[in-house]
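Encoded as structure tokens, the structure appears first; notes follow it.
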Amino acid sequence: LAVGANPIRLAIAGDGSDDIHVVNSLIDYRAFRENLAKRKDKRVVILGAGLIGCEFANDLLHSDYDVTVIDLAPQPLGRLLPNHVAEAFQTNLEQAGIKFALSTTVEKVTKINDGEDYAVTLANGQTLVADIVLSAIGLQPNTALAKSADIQTSRGIITNTLLETNQPDIYAVGDCAEVNGTLLPFVMPIMQQARALAKTLSGQSTAVHYPAMPVAVKTPAAPLTVLPAPLDVDVNWETEEFDDGMIAKAADAAGTLRGFVLLGTTAGKQRLTLTKLVPDLIPAQI
Ligand SMILES: Cc1cc2nc3c(=O)[nH]c(=O)nc-3n(C[C@H](O)[C@H](O)[C@H](O)COP(=O)(O)OP(=O)(O)OC[C@H]3O[C@@H](n4cnc5c(N)ncnc54)[C@H](O)[C@@H]3O)c2cc1C
């Protein structure tokens, strides 16, 4: 099973809510760009200040769009960054021209001006006028097919480190798979899974190996690399500041580096050195 994940959609009131774009495929992306090109003004409202929302915001800013990003959390990339780095990240994006409406959500999207524009009503009482609204509030693993085949699911399709589901001869990989209790909806883990599964299917039973896999956030206004610490590990943050950003290191009680955040070009140069210090998420099979 490699059925991916589906965009989460909020239940939003208003006659414009069906026009909200999501982007999870090239077809979605083409529809978004074509609609964008048709609009005479350049006001974009993005729902969700996660990786995808922030990357879209920075991309659109480069093409002179007026971008506002809305999120329920009080800071962008709330799940990935400690507060002090998130604040600096947000400041960099704001200085570049991206606007944020945080600690709030969208309640209603209504067509106005003969359907040319949208009035986006926020829970905090604010109303924004937009030419296009994009939702990027996260993905949900596609588990429907697995459930219909009595395959165990939790947040995703449950597999062990051999990528086996609970049904014989059925494996799961990619955004739909919850491997050893972890969902990692990125390309690098999928490549690790594919390598392991190819060997297993060729007769050499091979568990997946997850080395430390940092994620590059493609926001040139605030270049960022994140290696999140495992959620079940208590960490202490230690920060080193530079003129153009900072390194924040997350160490566990034993002093072992378990994750890090690199903001800015100077910090980004430490990516390889620090990655080597972080233990594997799933060690290589001996
Ligand atoms: C906007 C965006 C930007 C991203 N940027 C990055 C990035 O910079 N770096 C990174 O590492 N990752 C990035 N990702 C994540 C990365 O794209 C995904 O992790 C990866 O594409 C998942 O691959 P997949 O094959 O598991 O799922 P998908 O690519 O979603 O493919 C699943 C396929 O299965 C099909 N399918 C579903 N149900 C069925 C069925 N019942 N029968 C047959 N087919 C079915 C779907 O139509 C789909 O084609 C990004 C994702 C998005 C949306």
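Each chain in the structure tokens gets a letter, A, B, ..., in the order shown, and its residues are numbered from 1; ligands are numbered from 1 in order too.
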Using only C-alpha atoms and all ligand atoms, which residues of chain A come within 6 Å of ligand 1, and what is the closest atom pair for each, with the distance in Å to one decimal? Give it as CSV, sorted by chain and residue number.
residue,atom,partner,partner_atom_place_in_ligand_line,distance
A:Ala2,CA,ligand 1,26 (O),5.4
A:Val3,CA,ligand 1,34 (O),3.6
A:Gly4,CA,ligand 1,27 (O),3.3
A:Ala5,CA,ligand 1,30 (O),5.4
A:Val23,CA,ligand 1,1 (C),5.6
A:Asn24,CA,ligand 1,53 (C),3.9
A:Ile52,CA,ligand 1,1 (C),5.6
A:Leu145,CA,ligand 1,41 (N),5.9
A:Gly174,CA,ligand 1,26 (O),3.3
A:Asp175,CA,ligand 1,26 (O),3.9
A:Cys176,CA,ligand 1,26 (O),6.0
A:Pro185,CA,ligand 1,19 (O),4.1
A:Phe186,CA,ligand 1,19 (O),3.6
A:Val187,CA,ligand 1,11 (O),3.7
A:Met188,CA,ligand 1,11 (O),5.7
Just-selected residues, C-alpha atoms written as a tab-separated table (two decimals), in the first residue's frame:
chain	number	residue	atom	x	y	z
A	2	ALA	CA	1.43	3.36	-1.06
A	3	VAL	CA	-1.78	5.35	-1.13
A	4	GLY	CA	-0.41	8.57	0.37
A	5	ALA	CA	-2.26	11.10	2.48
A	23	VAL	CA	-2.23	21.41	-3.01
A	24	ASN	CA	-1.29	17.75	-2.68
A	52	ILE	CA	3.84	23.96	3.33
A	145	LEU	CA	-8.45	0.89	1.73
A	174	GLY	CA	5.08	6.40	2.22
A	175	ASP	CA	2.77	9.02	3.68
A	176	CYS	CA	0.11	6.42	4.50
A	185	PRO	CA	5.59	12.32	5.51
A	186	PHE	CA	8.79	13.27	3.67
A	187	VAL	CA	10.72	11.92	0.72
A	188	MET	CA	13.86	10.79	2.54
I want to know what sits within 6 Å of Asp71 of chain A, based on only C-alpha atoms, with residues of the same chain fewer than 5 positions away left out; could you give that as a ChimeraX atom specification? /A:48-49,102,104-105
Would you please give, as JSON, numbers by chain, all residues of segment 8-231 of chain A that DSSP assigns to alpha helix (DSSP H) based on the backbone? {"A": [26, 27, 28, 29, 30, 31, 32, 33, 34, 35, 36, 37, 38, 51, 52, 53, 54, 55, 56, 57, 58, 59, 60, 61, 62, 83, 84, 85, 86, 87, 88, 89, 90, 91, 92, 93, 94, 95, 96, 144, 145, 146, 147, 148, 187, 188, 189, 190, 191, 192, 193, 194, 195, 196, 197, 198, 199, 200, 201]}
Shortest interatomic distance to Phe242 of chain A - which of A:Ala88, A:Ile170, A:Val215, A:Leu257, counting only C-alpha atoms: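 Result for the nearest residue to Phe242 of chain A: A:Ala88.
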Using only C-alpha atoms, determine which residues lie at most 8 Å from Pro76 of chain A, disregarding the query and same-chain residues fewer than 2 positions distant; provide the list as a short mmCIF file (atom, residue, chain, number, x, y, z; two decimals) with C-alpha atoms, in the first residue's frame.
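Listing of result13.cif after writing:
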data_model
loop_
_atom_site.label_atom_id
_atom_site.label_comp_id
_atom_site.auth_asym_id
_atom_site.auth_seq_id
_atom_site.Cartn_x
_atom_site.Cartn_y
_atom_site.Cartn_z
CA ALA A 49 1.58 28.28 9.09
CA GLY A 50 3.21 24.86 8.82
CA CYS A 54 5.20 29.02 5.02
CA ASP A 71 -2.91 29.76 12.09
CA ALA A 73 -1.17 28.39 16.98
CA PRO A 74 0.49 31.54 18.36
CA GLY A 78 4.45 25.51 16.02
CA ALA A 86 9.72 30.46 15.90
CA PHE A 89 11.58 32.87 11.98
CA GLN A 90 8.30 34.82 12.00
#
Which residues come within 12 Å of Ile158 of chain A, counting only C-alpha atoms, excluding same-chain residues fewer than 3 positions away, as an mmCIF file with N, CA, C and O atoms, in the first residue's frame?
data_model
loop_
_atom_site.group_PDB
_atom_site.id
_atom_site.type_symbol
_atom_site.label_atom_id
_atom_site.label_comp_id
_atom_site.auth_asym_id
_atom_site.auth_seq_id
_atom_site.Cartn_x
_atom_site.Cartn_y
_atom_site.Cartn_z
ATOM 1 N N LEU A 1 0.848 -1.180 0.000
ATOM 2 C CA LEU A 1 0.000 0.000 0.000
ATOM 3 C C LEU A 1 0.887 1.236 0.000
ATOM 4 O O LEU A 1 1.739 1.386 0.873
ATOM 5 N N PRO A 141 -3.127 10.536 6.696
ATOM 6 C CA PRO A 141 -2.847 9.319 5.929
ATOM 7 C C PRO A 141 -4.137 8.683 5.408
ATOM 8 O O PRO A 141 -5.165 8.676 6.101
ATOM 9 N N ASN A 142 -4.059 8.184 4.193
ATOM 10 C CA ASN A 142 -5.220 7.560 3.561
ATOM 11 C C ASN A 142 -5.312 6.104 4.046
ATOM 12 O O ASN A 142 -4.554 5.248 3.605
ATOM 13 N N THR A 143 -6.235 5.862 4.951
ATOM 14 C CA THR A 143 -6.315 4.535 5.574
ATOM 15 C C THR A 143 -7.561 3.751 5.139
ATOM 16 O O THR A 143 -7.778 2.633 5.601
ATOM 17 N N ALA A 146 -7.007 0.265 3.592
ATOM 18 C CA ALA A 146 -6.464 -0.655 4.597
ATOM 19 C C ALA A 146 -7.572 -1.113 5.547
ATOM 20 O O ALA A 146 -7.699 -2.307 5.847
ATOM 21 N N LYS A 147 -8.383 -0.161 5.996
ATOM 22 C CA LYS A 147 -9.460 -0.516 6.936
ATOM 23 C C LYS A 147 -10.405 -1.527 6.297
ATOM 24 O O LYS A 147 -10.856 -2.467 6.948
ATOM 25 N N ASP A 150 -9.292 -5.027 6.705
ATOM 26 C CA ASP A 150 -8.987 -5.450 8.084
ATOM 27 C C ASP A 150 -7.517 -5.309 8.433
ATOM 28 O O ASP A 150 -6.953 -6.127 9.172
ATOM 29 N N ILE A 151 -6.907 -4.285 7.898
ATOM 30 C CA ILE A 151 -5.510 -3.994 8.241
ATOM 31 C C ILE A 151 -5.526 -2.964 9.366
ATOM 32 O O ILE A 151 -6.297 -1.992 9.315
ATOM 33 N N GLN A 152 -4.682 -3.188 10.368
ATOM 34 C CA GLN A 152 -4.694 -2.296 11.536
ATOM 35 C C GLN A 152 -4.210 -0.902 11.166
ATOM 36 O O GLN A 152 -3.196 -0.749 10.475
ATOM 37 N N THR A 153 -4.954 0.093 11.679
ATOM 38 C CA THR A 153 -4.558 1.485 11.450
ATOM 39 C C THR A 153 -4.600 2.228 12.774
ATOM 40 O O THR A 153 -5.308 1.827 13.704
ATOM 41 N N SER A 154 -3.824 3.288 12.841
ATOM 42 C CA SER A 154 -3.936 4.206 13.974
ATOM 43 C C SER A 154 -4.021 5.581 13.335
ATOM 44 O O SER A 154 -4.988 5.890 12.661
ATOM 45 N N ARG A 155 -2.954 6.408 13.442
ATOM 46 C CA ARG A 155 -2.970 7.646 12.651
ATOM 47 C C ARG A 155 -2.748 7.294 11.183
ATOM 48 O O ARG A 155 -3.272 7.909 10.281
ATOM 49 N N THR A 161 8.992 -2.554 11.645
ATOM 50 C CA THR A 161 10.149 -1.995 10.931
ATOM 51 C C THR A 161 10.430 -2.735 9.618
ATOM 52 O O THR A 161 11.187 -2.253 8.783
ATOM 53 N N LEU A 162 9.786 -3.911 9.442
ATOM 54 C CA LEU A 162 9.900 -4.598 8.140
ATOM 55 C C LEU A 162 8.860 -4.077 7.152
ATOM 56 O O LEU A 162 8.750 -4.577 6.036
ATOM 57 N N LEU A 163 8.075 -3.086 7.593
ATOM 58 C CA LEU A 163 7.017 -2.459 6.784
ATOM 59 C C LEU A 163 5.847 -3.403 6.535
ATOM 60 O O LEU A 163 5.028 -3.189 5.634
ATOM 61 N N GLU A 164 5.779 -4.469 7.374
ATOM 62 C CA GLU A 164 4.670 -5.420 7.274
ATOM 63 C C GLU A 164 3.460 -4.869 8.015
ATOM 64 O O GLU A 164 3.593 -4.358 9.131
ATOM 65 N N THR A 165 2.281 -4.990 7.412
ATOM 66 C CA THR A 165 1.046 -4.732 8.154
ATOM 67 C C THR A 165 0.702 -6.014 8.917
ATOM 68 O O THR A 165 1.465 -6.986 8.889
ATOM 69 N N ASN A 166 -0.470 -6.009 9.564
ATOM 70 C CA ASN A 166 -0.846 -7.226 10.295
ATOM 71 C C ASN A 166 -1.376 -8.313 9.361
ATOM 72 O O ASN A 166 -1.651 -9.420 9.803
ATOM 73 N N GLN A 167 -1.531 -8.003 8.086
ATOM 74 C CA GLN A 167 -2.004 -9.020 7.128
ATOM 75 C C GLN A 167 -0.814 -9.567 6.340
ATOM 76 O O GLN A 167 0.029 -8.785 5.876
ATOM 77 N N ILE A 170 1.117 -8.096 2.947
ATOM 78 C CA ILE A 170 0.693 -6.720 2.644
ATOM 79 C C ILE A 170 1.586 -5.759 3.436
ATOM 80 O O ILE A 170 1.675 -5.834 4.658
ATOM 81 N N TYR A 171 2.253 -4.892 2.713
ATOM 82 C CA TYR A 171 3.198 -3.932 3.290
ATOM 83 C C TYR A 171 2.646 -2.525 3.066
ATOM 84 O O TYR A 171 1.778 -2.316 2.211
ATOM 85 N N ALA A 172 3.147 -1.568 3.820
ATOM 86 C CA ALA A 172 2.753 -0.168 3.577
ATOM 87 C C ALA A 172 3.997 0.709 3.615
ATOM 88 O O ALA A 172 4.896 0.500 4.439
ATOM 89 N N VAL A 173 4.046 1.672 2.701
ATOM 90 C CA VAL A 173 5.162 2.632 2.646
ATOM 91 C C VAL A 173 4.619 4.027 2.326
ATOM 92 O O VAL A 173 3.509 4.172 1.821
ATOM 93 N N GLY A 174 5.423 5.028 2.618
ATOM 94 C CA GLY A 174 5.081 6.399 2.222
ATOM 95 C C GLY A 174 4.221 7.110 3.248
ATOM 96 O O GLY A 174 4.153 6.721 4.416
ATOM 97 N N ASP A 175 3.548 8.160 2.783
ATOM 98 C CA ASP A 175 2.771 9.022 3.683
ATOM 99 C C ASP A 175 1.643 8.284 4.400
ATOM 100 O O ASP A 175 1.145 8.755 5.418
ATOM 101 N N CYS A 176 1.215 7.144 3.853
ATOM 102 C CA CYS A 176 0.106 6.419 4.498
ATOM 103 C C CYS A 176 0.596 5.547 5.651
ATOM 104 O O CYS A 176 -0.206 5.093 6.463
ATOM 105 N N ALA A 177 1.909 5.307 5.736
ATOM 106 C CA ALA A 177 2.419 4.282 6.658
ATOM 107 C C ALA A 177 2.850 4.874 7.996
ATOM 108 O O ALA A 177 3.540 5.890 8.043
ATOM 109 N N GLU A 178 2.430 4.238 9.068
ATOM 110 C CA GLU A 178 2.897 4.597 10.414
ATOM 111 C C GLU A 178 3.886 3.502 10.811
ATOM 112 O O GLU A 178 3.498 2.424 11.249
ATOM 113 N N VAL A 179 5.152 3.789 10.596
ATOM 114 C CA VAL A 179 6.184 2.762 10.744
ATOM 115 C C VAL A 179 6.719 2.781 12.170
ATOM 116 O O VAL A 179 7.249 3.804 12.613
ATOM 117 N N ASN A 180 6.540 1.671 12.869
ATOM 118 C CA ASN A 180 7.066 1.586 14.235
ATOM 119 C C ASN A 180 6.547 2.745 15.097
ATOM 120 O O ASN A 180 7.281 3.300 15.911
ATOM 121 N N GLY A 181 5.301 3.163 14.863
ATOM 122 C CA GLY A 181 4.687 4.224 15.671
ATOM 123 C C GLY A 181 4.954 5.634 15.180
ATOM 124 O O GLY A 181 4.530 6.596 15.814
ATOM 125 N N THR A 182 5.655 5.781 14.054
ATOM 126 C CA THR A 182 6.028 7.127 13.606
ATOM 127 C C THR A 182 5.534 7.402 12.188
ATOM 128 O O THR A 182 5.721 6.579 11.290
ATOM 129 N N LEU A 183 4.936 8.591 12.010
ATOM 130 C CA LEU A 183 4.571 9.056 10.663
ATOM 131 C C LEU A 183 5.643 10.046 10.226
ATOM 132 O O LEU A 183 5.914 11.013 10.944
#
